[in-house]
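Q: My questions will all concern the structure given below.
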Amino acid sequence: MSDLKKEDIKQEVFDLYDDYAHNKINRRQFVEKLSLYTAGSVTLGSLLSFMSPNYANTALVPKDHPDLDSDYITYDSPKGGGKIKALLSSPKNKTGKLPGVLVVHENRGLNPYIEDVGRRTAIEGFISLAPDAL
């Protein structure tokens, strides 16, 4: 069996994933609808694994890095969706003011990759905030 390529997957599958990522459908609905696109050697598992990022292979800075203070916070969004969860990261033992970076994610929300980007910026001497805008 050959590896699955993007060209092997119909655009409707990516649109379906987009609906799931933006909370237009729940996981059960996503999997049920996704199963309609499986045929022959293209299984549901292969479609899911193709579309889901492998975060374990991309993390560069561990969550418990000794040189970082990194914790989840929540704050009010009075003109938005109520409370927003975010990862706030900064260098440990910081002195004085530090520049800040707002880490903006794509359509997948605050995921392990975006959290890693926040930690990477903190390692470089910034205070970073990575909010979950979904």
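For the structure tokens, the naming scheme is as follows: chains receive sequential letters (A, B, ...) according to their order of presentation, residues are indexed from 1 within each chain, and ligands are indexed from 1 in presentation order.
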Using only C-alpha atoms, which protein or nucleic acid residues come within 12 Å of A:Asp76? Drop anything in the same chain fewer than 6 positions from it, and give the result as a list in words.

A: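 Surrounding residues, per the criterion: Gly82, Lys83, Ile84, Lys85, Ala86 and Pro131 of chain A.
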
Q: If we count only C-alpha atoms and set the cut-off at 10 Å, which residues sit around stretch 100-110 of chain A, ignoring sequence neighbours fewer than 4 positions away in its own chain? Please answer as a PDB file with all heavy atoms, in the first residue's frame.

A:
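Saved result, part.pdb, follows:
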```pdb
ATOM      1  N   TYR A  17     -13.202  18.698   8.074  1.00  0.00           N
ATOM      2  CA  TYR A  17     -12.277  18.934   9.192  1.00  0.00           C
ATOM      3  C   TYR A  17     -12.359  20.387   9.665  1.00  0.00           C
ATOM      4  O   TYR A  17     -12.315  20.662  10.857  1.00  0.00           O
ATOM      5  CB  TYR A  17     -10.838  18.583   8.815  1.00  0.00           C
ATOM      6  CG  TYR A  17      -9.894  18.781   9.982  1.00  0.00           C
ATOM      7  CD1 TYR A  17      -9.791  17.817  10.966  1.00  0.00           C
ATOM      8  CD2 TYR A  17      -9.157  19.952  10.121  1.00  0.00           C
ATOM      9  CE1 TYR A  17      -8.960  17.999  12.062  1.00  0.00           C
ATOM     10  CE2 TYR A  17      -8.331  20.141  11.210  1.00  0.00           C
ATOM     11  CZ  TYR A  17      -8.234  19.160  12.173  1.00  0.00           C
ATOM     12  OH  TYR A  17      -7.427  19.360  13.254  1.00  0.00           O
ATOM     13  N   ASP A  18     -12.494  21.304   8.733  1.00  0.00           N
ATOM     14  CA  ASP A  18     -12.621  22.717   9.077  1.00  0.00           C
ATOM     15  C   ASP A  18     -13.869  22.942   9.936  1.00  0.00           C
ATOM     16  O   ASP A  18     -13.825  23.680  10.921  1.00  0.00           O
ATOM     17  CB  ASP A  18     -12.665  23.551   7.800  1.00  0.00           C
ATOM     18  CG  ASP A  18     -12.494  25.025   8.073  1.00  0.00           C
ATOM     19  OD1 ASP A  18     -11.518  25.389   8.750  1.00  0.00           O
ATOM     20  OD2 ASP A  18     -13.336  25.813   7.594  1.00  0.00           O
ATOM     21  N   TYR A  20     -15.257  20.769  11.886  1.00  0.00           N
ATOM     22  CA  TYR A  20     -14.965  20.190  13.196  1.00  0.00           C
ATOM     23  C   TYR A  20     -14.046  21.116  14.002  1.00  0.00           C
ATOM     24  O   TYR A  20     -14.296  21.379  15.175  1.00  0.00           O
ATOM     25  CB  TYR A  20     -14.333  18.811  13.023  1.00  0.00           C
ATOM     26  CG  TYR A  20     -13.789  18.221  14.290  1.00  0.00           C
ATOM     27  CD1 TYR A  20     -14.623  17.927  15.361  1.00  0.00           C
ATOM     28  CD2 TYR A  20     -12.435  17.967  14.426  1.00  0.00           C
ATOM     29  CE1 TYR A  20     -14.117  17.389  16.539  1.00  0.00           C
ATOM     30  CE2 TYR A  20     -11.926  17.426  15.597  1.00  0.00           C
ATOM     31  CZ  TYR A  20     -12.768  17.144  16.646  1.00  0.00           C
ATOM     32  OH  TYR A  20     -12.271  16.616  17.799  1.00  0.00           O
ATOM     33  N   ALA A  21     -13.004  21.639  13.368  1.00  0.00           N
ATOM     34  CA  ALA A  21     -12.048  22.507  14.058  1.00  0.00           C
ATOM     35  C   ALA A  21     -12.693  23.797  14.545  1.00  0.00           C
ATOM     36  O   ALA A  21     -12.258  24.381  15.528  1.00  0.00           O
ATOM     37  CB  ALA A  21     -10.870  22.824  13.140  1.00  0.00           C
ATOM     38  N   HIS A  22     -13.746  24.241  13.874  1.00  0.00           N
ATOM     39  CA  HIS A  22     -14.432  25.476  14.257  1.00  0.00           C
ATOM     40  C   HIS A  22     -15.719  25.206  15.039  1.00  0.00           C
ATOM     41  O   HIS A  22     -16.596  26.064  15.123  1.00  0.00           O
ATOM     42  CB  HIS A  22     -14.724  26.324  13.018  1.00  0.00           C
ATOM     43  CG  HIS A  22     -13.497  26.948  12.457  1.00  0.00           C
ATOM     44  ND1 HIS A  22     -12.749  26.357  11.468  1.00  0.00           N
ATOM     45  CD2 HIS A  22     -12.857  28.095  12.774  1.00  0.00           C
ATOM     46  CE1 HIS A  22     -11.714  27.125  11.192  1.00  0.00           C
ATOM     47  NE2 HIS A  22     -11.742  28.183  11.972  1.00  0.00           N
ATOM     48  N   PRO A  53      -2.259  16.638  13.012  1.00  0.00           N
ATOM     49  CA  PRO A  53      -0.823  16.905  13.152  1.00  0.00           C
ATOM     50  C   PRO A  53      -0.196  15.985  14.192  1.00  0.00           C
ATOM     51  O   PRO A  53      -0.844  15.593  15.156  1.00  0.00           O
ATOM     52  CB  PRO A  53      -0.773  18.360  13.628  1.00  0.00           C
ATOM     53  CG  PRO A  53      -2.136  18.900  13.474  1.00  0.00           C
ATOM     54  CD  PRO A  53      -3.090  17.758  13.395  1.00  0.00           C
ATOM     55  N   LYS A  85      -8.968  30.960  27.589  1.00  0.00           N
ATOM     56  CA  LYS A  85      -7.827  30.240  28.163  1.00  0.00           C
ATOM     57  C   LYS A  85      -6.596  30.616  27.345  1.00  0.00           C
ATOM     58  O   LYS A  85      -6.656  30.760  26.127  1.00  0.00           O
ATOM     59  CB  LYS A  85      -8.070  28.733  28.073  1.00  0.00           C
ATOM     60  CG  LYS A  85      -6.909  27.887  28.538  1.00  0.00           C
ATOM     61  CD  LYS A  85      -7.218  26.410  28.325  1.00  0.00           C
ATOM     62  CE  LYS A  85      -6.003  25.563  28.601  1.00  0.00           C
ATOM     63  NZ  LYS A  85      -6.239  24.149  28.344  1.00  0.00           N
ATOM     64  N   ALA A  86      -5.462  30.770  28.031  1.00  0.00           N
ATOM     65  CA  ALA A  86      -4.215  31.116  27.348  1.00  0.00           C
ATOM     66  C   ALA A  86      -3.034  30.521  28.095  1.00  0.00           C
ATOM     67  O   ALA A  86      -3.126  30.241  29.290  1.00  0.00           O
ATOM     68  CB  ALA A  86      -4.062  32.633  27.256  1.00  0.00           C
ATOM     69  N   LEU A  87      -1.950  30.340  27.373  1.00  0.00           N
ATOM     70  CA  LEU A  87      -0.697  29.920  27.996  1.00  0.00           C
ATOM     71  C   LEU A  87       0.188  31.153  28.114  1.00  0.00           C
ATOM     72  O   LEU A  87       0.495  31.802  27.110  1.00  0.00           O
ATOM     73  CB  LEU A  87       0.005  28.847  27.169  1.00  0.00           C
ATOM     74  CG  LEU A  87       1.311  28.328  27.764  1.00  0.00           C
ATOM     75  CD1 LEU A  87       1.035  27.548  29.048  1.00  0.00           C
ATOM     76  CD2 LEU A  87       2.049  27.456  26.771  1.00  0.00           C
ATOM     77  N   LEU A  88       0.574  31.481  29.344  1.00  0.00           N
ATOM     78  CA  LEU A  88       1.447  32.613  29.618  1.00  0.00           C
ATOM     79  C   LEU A  88       2.819  32.053  29.975  1.00  0.00           C
ATOM     80  O   LEU A  88       2.940  31.275  30.919  1.00  0.00           O
ATOM     81  CB  LEU A  88       0.891  33.456  30.771  1.00  0.00           C
ATOM     82  CG  LEU A  88       1.684  34.681  31.175  1.00  0.00           C
ATOM     83  CD1 LEU A  88       1.744  35.697  30.034  1.00  0.00           C
ATOM     84  CD2 LEU A  88       1.062  35.314  32.420  1.00  0.00           C
ATOM     85  N   SER A  89       3.832  32.438  29.220  1.00  0.00           N
ATOM     86  CA  SER A  89       5.192  31.923  29.434  1.00  0.00           C
ATOM     87  C   SER A  89       6.166  33.083  29.536  1.00  0.00           C
ATOM     88  O   SER A  89       6.047  34.074  28.817  1.00  0.00           O
ATOM     89  CB  SER A  89       5.617  31.020  28.274  1.00  0.00           C
ATOM     90  OG  SER A  89       4.731  29.940  28.124  1.00  0.00           O
ATOM     91  N   SER A  90       7.149  32.917  30.433  1.00  0.00           N
ATOM     92  CA  SER A  90       8.191  33.940  30.570  1.00  0.00           C
ATOM     93  C   SER A  90       9.469  33.275  31.078  1.00  0.00           C
ATOM     94  O   SER A  90       9.422  32.197  31.663  1.00  0.00           O
ATOM     95  CB  SER A  90       7.740  35.041  31.526  1.00  0.00           C
ATOM     96  OG  SER A  90       7.526  34.520  32.815  1.00  0.00           O
ATOM     97  N   ILE A 114       1.277  25.274  19.186  1.00  0.00           N
ATOM     98  CA  ILE A 114       1.204  26.704  19.508  1.00  0.00           C
ATOM     99  C   ILE A 114       1.751  26.954  20.914  1.00  0.00           C
ATOM    100  O   ILE A 114       2.447  27.945  21.163  1.00  0.00           O
ATOM    101  CB  ILE A 114      -0.241  27.223  19.365  1.00  0.00           C
ATOM    102  CG1 ILE A 114      -0.710  27.074  17.904  1.00  0.00           C
ATOM    103  CG2 ILE A 114      -0.369  28.667  19.827  1.00  0.00           C
ATOM    104  CD1 ILE A 114       0.135  27.817  16.883  1.00  0.00           C
ATOM    105  N   GLU A 115       1.465  26.039  21.850  1.00  0.00           N
ATOM    106  CA  GLU A 115       2.032  26.159  23.187  1.00  0.00           C
ATOM    107  C   GLU A 115       3.561  26.110  23.126  1.00  0.00           C
ATOM    108  O   GLU A 115       4.242  26.870  23.820  1.00  0.00           O
ATOM    109  CB  GLU A 115       1.497  25.047  24.084  1.00  0.00           C
ATOM    110  CG  GLU A 115       0.021  25.192  24.376  1.00  0.00           C
ATOM    111  CD  GLU A 115      -0.563  24.005  25.115  1.00  0.00           C
ATOM    112  OE1 GLU A 115       0.156  22.996  25.319  1.00  0.00           O
ATOM    113  OE2 GLU A 115      -1.744  24.076  25.494  1.00  0.00           O
ATOM    114  N   VAL A 117       5.434  27.041  20.611  1.00  0.00           N
ATOM    115  CA  VAL A 117       5.895  28.322  20.061  1.00  0.00           C
ATOM    116  C   VAL A 117       5.948  29.373  21.173  1.00  0.00           C
ATOM    117  O   VAL A 117       6.900  30.147  21.267  1.00  0.00           O
ATOM    118  CB  VAL A 117       4.995  28.788  18.890  1.00  0.00           C
ATOM    119  CG1 VAL A 117       5.330  30.209  18.466  1.00  0.00           C
ATOM    120  CG2 VAL A 117       5.116  27.837  17.708  1.00  0.00           C
ATOM    121  N   GLY A 118       4.949  29.379  22.041  1.00  0.00           N
ATOM    122  CA  GLY A 118       4.959  30.304  23.178  1.00  0.00           C
ATOM    123  C   GLY A 118       6.147  30.066  24.096  1.00  0.00           C
ATOM    124  O   GLY A 118       6.805  31.012  24.539  1.00  0.00           O
ATOM    125  N   THR A 121       9.417  31.327  22.454  1.00  0.00           N
ATOM    126  CA  THR A 121       9.633  32.776  22.529  1.00  0.00           C
ATOM    127  C   THR A 121      10.091  33.175  23.926  1.00  0.00           C
ATOM    128  O   THR A 121      10.915  34.070  24.078  1.00  0.00           O
ATOM    129  CB  THR A 121       8.368  33.561  22.139  1.00  0.00           C
ATOM    130  OG1 THR A 121       7.290  33.195  22.992  1.00  0.00           O
ATOM    131  CG2 THR A 121       7.976  33.315  20.702  1.00  0.00           C
ATOM    132  N   ALA A 122       9.578  32.491  24.952  1.00  0.00           N
ATOM    133  CA  ALA A 122       9.999  32.798  26.326  1.00  0.00           C
ATOM    134  C   ALA A 122      11.463  32.427  26.552  1.00  0.00           C
ATOM    135  O   ALA A 122      12.194  33.152  27.234  1.00  0.00           O
ATOM    136  CB  ALA A 122       9.096  32.070  27.321  1.00  0.00           C
ATOM    137  N   GLY A 125      13.753  35.159  25.701  1.00  0.00           N
ATOM    138  CA  GLY A 125      13.759  36.388  26.490  1.00  0.00           C
ATOM    139  C   GLY A 125      12.503  37.236  26.407  1.00  0.00           C
ATOM    140  O   GLY A 125      12.514  38.396  26.816  1.00  0.00           O
ATOM    141  N   PHE A 126      11.418  36.690  25.903  1.00  0.00           N
ATOM    142  CA  PHE A 126      10.157  37.419  25.784  1.00  0.00           C
ATOM    143  C   PHE A 126       9.145  36.882  26.792  1.00  0.00           C
ATOM    144  O   PHE A 126       9.238  35.733  27.227  1.00  0.00           O
ATOM    145  CB  PHE A 126       9.556  37.253  24.393  1.00  0.00           C
ATOM    146  CG  PHE A 126      10.390  37.832  23.296  1.00  0.00           C
ATOM    147  CD1 PHE A 126      11.367  37.066  22.670  1.00  0.00           C
ATOM    148  CD2 PHE A 126      10.189  39.131  22.871  1.00  0.00           C
ATOM    149  CE1 PHE A 126      12.133  37.590  21.645  1.00  0.00           C
ATOM    150  CE2 PHE A 126      10.959  39.670  21.845  1.00  0.00           C
ATOM    151  CZ  PHE A 126      11.931  38.896  21.230  1.00  0.00           C
ATOM    152  N   ILE A 127       8.144  37.689  27.113  1.00  0.00           N
ATOM    153  CA  ILE A 127       6.943  37.192  27.767  1.00  0.00           C
ATOM    154  C   ILE A 127       5.989  36.867  26.623  1.00  0.00           C
ATOM    155  O   ILE A 127       5.789  37.689  25.731  1.00  0.00           O
ATOM    156  CB  ILE A 127       6.330  38.241  28.694  1.00  0.00           C
ATOM    157  CG1 ILE A 127       7.271  38.536  29.862  1.00  0.00           C
ATOM    158  CG2 ILE A 127       4.970  37.777  29.195  1.00  0.00           C
ATOM    159  CD1 ILE A 127       6.801  39.641  30.758  1.00  0.00           C
ATOM    160  N   SER A 128       5.423  35.675  26.619  1.00  0.00           N
ATOM    161  CA  SER A 128       4.520  35.317  25.530  1.00  0.00           C
ATOM    162  C   SER A 128       3.148  34.948  26.080  1.00  0.00           C
ATOM    163  O   SER A 128       3.032  34.360  27.156  1.00  0.00           O
ATOM    164  CB  SER A 128       5.074  34.165  24.699  1.00  0.00           C
ATOM    165  OG  SER A 128       5.008  32.951  25.411  1.00  0.00           O
ATOM    166  N   LEU A 129       2.140  35.325  25.321  1.00  0.00           N
ATOM    167  CA  LEU A 129       0.764  34.940  25.625  1.00  0.00           C
ATOM    168  C   LEU A 129       0.214  34.242  24.403  1.00  0.00           C
ATOM    169  O   LEU A 129       0.223  34.796  23.296  1.00  0.00           O
ATOM    170  CB  LEU A 129      -0.087  36.178  25.958  1.00  0.00           C
ATOM    171  CG  LEU A 129      -1.535  35.871  26.317  1.00  0.00           C
ATOM    172  CD1 LEU A 129      -1.610  35.122  27.653  1.00  0.00           C
ATOM    173  CD2 LEU A 129      -2.362  37.151  26.374  1.00  0.00           C
ATOM    174  N   ALA A 130      -0.235  32.997  24.597  1.00  0.00           N
ATOM    175  CA  ALA A 130      -0.803  32.212  23.508  1.00  0.00           C
ATOM    176  C   ALA A 130      -2.261  31.906  23.860  1.00  0.00           C
ATOM    177  O   ALA A 130      -2.556  30.917  24.530  1.00  0.00           O
ATOM    178  CB  ALA A 130      -0.009  30.919  23.311  1.00  0.00           C
ATOM    179  N   PRO A 131      -3.200  32.771  23.444  1.00  0.00           N
ATOM    180  CA  PRO A 131      -4.608  32.559  23.777  1.00  0.00           C
ATOM    181  C   PRO A 131      -5.280  31.559  22.834  1.00  0.00           C
ATOM    182  O   PRO A 131      -4.864  31.379  21.698  1.00  0.00           O
ATOM    183  CB  PRO A 131      -5.215  33.952  23.595  1.00  0.00           C
ATOM    184  CG  PRO A 131      -4.358  34.595  22.572  1.00  0.00           C
ATOM    185  CD  PRO A 131      -2.978  34.025  22.743  1.00  0.00           C
ATOM    186  N   ASP A 132      -6.322  30.935  23.340  1.00  0.00           N
ATOM    187  CA  ASP A 132      -7.136  30.029  22.518  1.00  0.00           C
ATOM    188  C   ASP A 132      -8.299  30.838  21.962  1.00  0.00           C
ATOM    189  O   ASP A 132      -9.300  31.049  22.641  1.00  0.00           O
ATOM    190  CB  ASP A 132      -7.650  28.861  23.361  1.00  0.00           C
ATOM    191  CG  ASP A 132      -8.312  27.793  22.512  1.00  0.00           C
ATOM    192  OD1 ASP A 132      -8.516  28.021  21.298  1.00  0.00           O
ATOM    193  OD2 ASP A 132      -8.613  26.721  23.054  1.00  0.00           O
ATOM    194  N   ALA A 133      -8.170  31.297  20.732  1.00  0.00           N
ATOM    195  CA  ALA A 133      -9.198  32.144  20.126  1.00  0.00           C
ATOM    196  C   ALA A 133     -10.380  31.354  19.588  1.00  0.00           C
ATOM    197  O   ALA A 133     -11.359  31.955  19.141  1.00  0.00           O
ATOM    198  CB  ALA A 133      -8.574  32.984  19.001  1.00  0.00           C
ATOM    199  N   LEU A 134     -10.308  30.025  19.605  1.00  0.00           N
ATOM    200  CA  LEU A 134     -11.471  29.243  19.191  1.00  0.00           C
ATOM    201  C   LEU A 134     -12.445  29.176  20.344  1.00  0.00           C
ATOM    202  O   LEU A 134     -13.560  28.956  20.265  1.00  0.00           O
ATOM    203  CB  LEU A 134     -11.085  27.835  18.750  1.00  0.00           C
ATOM    204  CG  LEU A 134     -10.390  27.749  17.389  1.00  0.00           C
ATOM    205  CD1 LEU A 134     -10.093  26.297  17.069  1.00  0.00           C
ATOM    206  CD2 LEU A 134     -11.230  28.346  16.289  1.00  0.00           C
TER     207      LEU A 134
END
```

Q: Expressed in Å to a single decimal, how great is the separation between atom CA of A:Gln11 and atom CA of A:Pro112?

A: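 Rounded to one decimal, the two atoms are 25.7 Å apart.
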
Q: Rounded to one decimal, what separation in Å do you get between atom CA of A:Lys10 and atom CA of A:Leu36?

A: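 It comes out at 11.5 Å.
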
Q: What residues in chain A get the DSSP label strand (DSSP E)? Please answer as a VMD selection string.

A: chain A and resid 68 to 77 82 to 91 100 to 102 127 to 131

Q: Output C-alpha atoms of each residue in that selection to a file, as an mmCIF file, in the first residue's frame.

A:
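And here's part11.cif as it stands now:
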```
data_model
loop_
_atom_site.group_PDB
_atom_site.id
_atom_site.type_symbol
_atom_site.label_atom_id
_atom_site.label_comp_id
_atom_site.auth_asym_id
_atom_site.auth_seq_id
_atom_site.Cartn_x
_atom_site.Cartn_y
_atom_site.Cartn_z
ATOM 1 C CA LEU A 68 10.681 28.907 32.155
ATOM 2 C CA ASP A 69 7.629 29.948 34.099
ATOM 3 C CA SER A 70 4.748 28.690 31.982
ATOM 4 C CA ASP A 71 1.137 28.316 33.128
ATOM 5 C CA TYR A 72 -2.398 28.462 31.808
ATOM 6 C CA ILE A 73 -4.436 31.499 32.700
ATOM 7 C CA THR A 74 -8.000 32.563 31.944
ATOM 8 C CA TYR A 75 -9.189 36.089 31.401
ATOM 9 C CA ASP A 76 -12.454 37.808 30.573
ATOM 10 C CA SER A 77 -13.452 38.622 27.035
ATOM 11 C CA GLY A 82 -16.835 34.957 28.041
ATOM 12 C CA LYS A 83 -13.549 33.479 29.336
ATOM 13 C CA ILE A 84 -10.433 32.839 27.257
ATOM 14 C CA LYS A 85 -7.827 30.240 28.163
ATOM 15 C CA ALA A 86 -4.215 31.116 27.348
ATOM 16 C CA LEU A 87 -0.697 29.920 27.996
ATOM 17 C CA LEU A 88 1.447 32.613 29.618
ATOM 18 C CA SER A 89 5.192 31.923 29.434
ATOM 19 C CA SER A 90 8.191 33.940 30.570
ATOM 20 C CA PRO A 91 11.857 33.404 31.376
ATOM 21 C CA GLY A 100 6.055 40.656 24.812
ATOM 22 C CA VAL A 101 4.838 38.427 22.011
ATOM 23 C CA LEU A 102 1.248 37.479 21.275
ATOM 24 C CA ILE A 127 6.943 37.192 27.767
ATOM 25 C CA SER A 128 4.520 35.317 25.530
ATOM 26 C CA LEU A 129 0.764 34.940 25.625
ATOM 27 C CA ALA A 130 -0.803 32.212 23.508
ATOM 28 C CA PRO A 131 -4.608 32.559 23.777
#
```

Q: Between atom CA of A:Pro66 and atom CA of A:Ile123, measure the distance and give it in Å to one decimal.

A: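 Those two atoms sit 10.2 Å apart.
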
Q: Pick the closest to A:Asp64 from A:Asp19, A:Pro78, A:Gln29, A:Asp116: which is it, counting only C-alpha atoms?

A: A:Asp116

Q: Looking only at helix (DSSP H, G or I) from DSSP on the backbone, list the matching residues of chain A as a PyMOL selection string.

A: chain A and resi 6-8+11-21+27-37+44-51+55-57+112-123

Q: Choose the residue, out of A:Leu47, A:Leu34, A:Leu98, A:Ala59, that has the smallest atom-to-atom separation from A:Glu12; count only C-alpha atoms.

A: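 Ranking A:Leu47, A:Leu34, A:Leu98, A:Ala59 by distance to A:Glu12, first place goes to A:Leu34.
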